[in-house]
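Visitor: Please read through the structure below; I'll follow up with questions.
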Amino acid sequence: MRVLIDTNVLLDVLCEREGFAEAALHIFRLCEVSRLDGVVSALSIPNIVYIMRKELNAERTAAIIERLSLIFSIADLTAADLTQASKLSFHDFEDALQAVCAKRVKAERIITRNTRDFKASPIPAMTPTEFIWQNPIA
């Protein structure tokens, strides 16, 4: 099953966010052992670096990008994605871009902690915990 992993799930693991990291790490591990085909939008990478900028130097940034590249496929952001996302009725343009990317890469689910932000998504969104409970492969 192909899933698009939202930025907040990646950050839950990278920042070891209490109460969220365990389920997110389980999703990481499923992707790492190829039980899930995990995709990350290229948009997520600069967002992660920006949010974690106080904890990162160039070496740590490179290590994170390398780790993510080994675990997940990184889907390019295209000009068509920008146009399509602008036509969706999302409150947050970044979430609209994630939804458009998920559709383009033929993801079956978006794994995010903010499912309410994806109500208008053409691809259903689930939290990591919901995904784990509802999918036998997890």
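In the structure tokens, each chain is lettered A, B, ... as it comes, each chain's residues begin at 1, and ligands are numbered from 1 in order of appearance.
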Write down as a ChimeraX atom specification the residues belonging to chain A that are assigned strand (DSSP E) by DSSP computed on the backbone.

Guide: /A:2-5,37-41,73-75,109-111,125-126

Visitor: DSSP says helix (DSSP H, G or I) for which residues of chain A? Put them as an MDAnalysis selection string?

Guide: chainID A and resid 7:14 21:32 44:51 58:71 79:86 93:104 115:118 128:134

Visitor: Hey, what's within 9 Å of segment 66-71 of chain A if we count only C-alpha atoms and toss same-chain stuff fewer than 4 positions away? As a ChimeraX atom specification, please?

Guide: /A:10,28-29,31-34,38-40,45,61-62

Visitor: List the neighbours of segment 93-110 of chain A out to 12 Å using only C-alpha atoms; skip same-chain residues closer than 4 positions along the sequence, and give me the result as a PDB file with C-alpha atoms, in the first residue's frame.

Guide:
ATOM      1  CA  MET A   1       0.000   0.000   0.000  1.00  0.00           C
ATOM      2  CA  ARG A   2       1.339   3.411  -0.966  1.00  0.00           C
ATOM      3  CA  VAL A   3       0.933   6.206   1.584  1.00  0.00           C
ATOM      4  CA  LEU A   4       1.990   9.831   1.639  1.00  0.00           C
ATOM      5  CA  ILE A   5       3.550  10.803   4.954  1.00  0.00           C
ATOM      6  CA  ASP A   6       2.749  14.372   6.024  1.00  0.00           C
ATOM      7  CA  THR A   7       5.417  16.675   7.432  1.00  0.00           C
ATOM      8  CA  ASN A   8       4.029  16.602  10.974  1.00  0.00           C
ATOM      9  CA  VAL A   9       4.453  12.817  11.182  1.00  0.00           C
ATOM     10  CA  ILE A  27       4.921   3.982  10.332  1.00  0.00           C
ATOM     11  CA  LEU A  36       4.383   0.148   3.257  1.00  0.00           C
ATOM     12  CA  ASP A  37       5.432   2.168   0.230  1.00  0.00           C
ATOM     13  CA  GLY A  38       6.031   5.510   1.926  1.00  0.00           C
ATOM     14  CA  VAL A  39       6.195   8.706  -0.089  1.00  0.00           C
ATOM     15  CA  VAL A  40       7.198  12.136   1.165  1.00  0.00           C
ATOM     16  CA  SER A  41       6.527  15.305  -0.777  1.00  0.00           C
ATOM     17  CA  ALA A  42       9.644  17.323  -1.611  1.00  0.00           C
ATOM     18  CA  LEU A  43       7.790  20.190   0.069  1.00  0.00           C
ATOM     19  CA  SER A  44       8.263  18.471   3.441  1.00  0.00           C
ATOM     20  CA  ASN A  47       9.763  22.646   5.938  1.00  0.00           C
ATOM     21  CA  SER A  73      10.437   7.936  -1.948  1.00  0.00           C
ATOM     22  CA  ILE A  74      10.587  11.692  -2.289  1.00  0.00           C
ATOM     23  CA  ALA A  75       8.041  13.018  -4.775  1.00  0.00           C
ATOM     24  CA  ASP A  76       8.926  16.157  -6.674  1.00  0.00           C
ATOM     25  CA  LEU A  77       6.756  19.233  -6.407  1.00  0.00           C
ATOM     26  CA  THR A  78       5.536  20.258  -9.865  1.00  0.00           C
ATOM     27  CA  ALA A  79       4.099  23.402 -11.384  1.00  0.00           C
ATOM     28  CA  ALA A  80       0.883  21.465 -12.048  1.00  0.00           C
ATOM     29  CA  ASP A  81       0.703  20.625  -8.317  1.00  0.00           C
ATOM     30  CA  LEU A  82       0.740  24.342  -7.506  1.00  0.00           C
ATOM     31  CA  THR A  83      -2.060  25.063  -9.949  1.00  0.00           C
ATOM     32  CA  GLN A  84      -4.212  22.145  -8.814  1.00  0.00           C
ATOM     33  CA  ALA A  85      -3.687  22.911  -5.124  1.00  0.00           C
ATOM     34  CA  SER A  86      -4.761  26.514  -5.634  1.00  0.00           C
ATOM     35  CA  LYS A  87      -8.133  25.256  -6.900  1.00  0.00           C
ATOM     36  CA  LEU A  88      -8.873  23.108  -3.836  1.00  0.00           C
ATOM     37  CA  SER A  89     -10.885  24.440  -0.920  1.00  0.00           C
ATOM     38  CA  ASN A 114      -4.070  16.755  11.335  1.00  0.00           C
ATOM     39  CA  THR A 115      -6.798  14.813   9.561  1.00  0.00           C
ATOM     40  CA  ARG A 116      -9.282  17.671   9.919  1.00  0.00           C
ATOM     41  CA  ASP A 117      -7.062  19.742   7.595  1.00  0.00           C
ATOM     42  CA  PHE A 118      -7.577  17.129   4.862  1.00  0.00           C
ATOM     43  CA  LYS A 119     -11.398  16.977   4.822  1.00  0.00           C
ATOM     44  CA  ALA A 120     -11.405  18.244   1.217  1.00  0.00           C
ATOM     45  CA  SER A 121      -8.665  15.851   0.118  1.00  0.00           C
ATOM     46  CA  PRO A 122      -9.274  13.457  -2.765  1.00  0.00           C
ATOM     47  CA  ILE A 123      -7.146  10.942  -0.808  1.00  0.00           C
ATOM     48  CA  PRO A 124      -8.400   9.901   2.661  1.00  0.00           C
ATOM     49  CA  ALA A 125      -6.264  10.996   5.602  1.00  0.00           C
ATOM     50  CA  MET A 126      -5.616   9.020   8.792  1.00  0.00           C
ATOM     51  CA  THR A 127      -3.500   9.534  11.871  1.00  0.00           C
ATOM     52  CA  PRO A 128      -0.630   7.108  12.385  1.00  0.00           C
ATOM     53  CA  GLU A 130      -5.733   5.096  13.173  1.00  0.00           C
ATOM     54  CA  PHE A 131      -3.731   3.610  10.332  1.00  0.00           C
ATOM     55  CA  GLN A 134      -7.210  -0.279  10.880  1.00  0.00           C
ATOM     56  CA  ASN A 135      -4.639  -2.008   8.686  1.00  0.00           C
TER      57      ASN A 135
END

Visitor: So the first atom is atom CA of Trp133 of chain A and the second is atom CA of Phe90 of chain A; what is the distance between them in Å, to one decimal place?

Guide: 27.2 Å

Visitor: How many Å lie between atom CA of Glu55 of chain A and atom CA of His91 of chain A, rounded to one decimal?

Guide: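 For atom CA of Glu55 of chain A relative to atom CA of His91 of chain A, the distance reads 29.3 Å.
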
Visitor: Interatomic distance between atom CA of Pro46 of chain A and atom CA of Ile132 of chain A?

Guide: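 Separation between atom CA of Pro46 of chain A and atom CA of Ile132 of chain A: 27.4 Å.
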
Visitor: Restricting the calculation to only C-alpha atoms, which member of A:Leu30, A:Cys15, A:Thr112, A:Asp92 is positioned closest to Leu56 of chain A?

Guide: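 Closest residue, counting only C-alpha atoms: A:Cys15.
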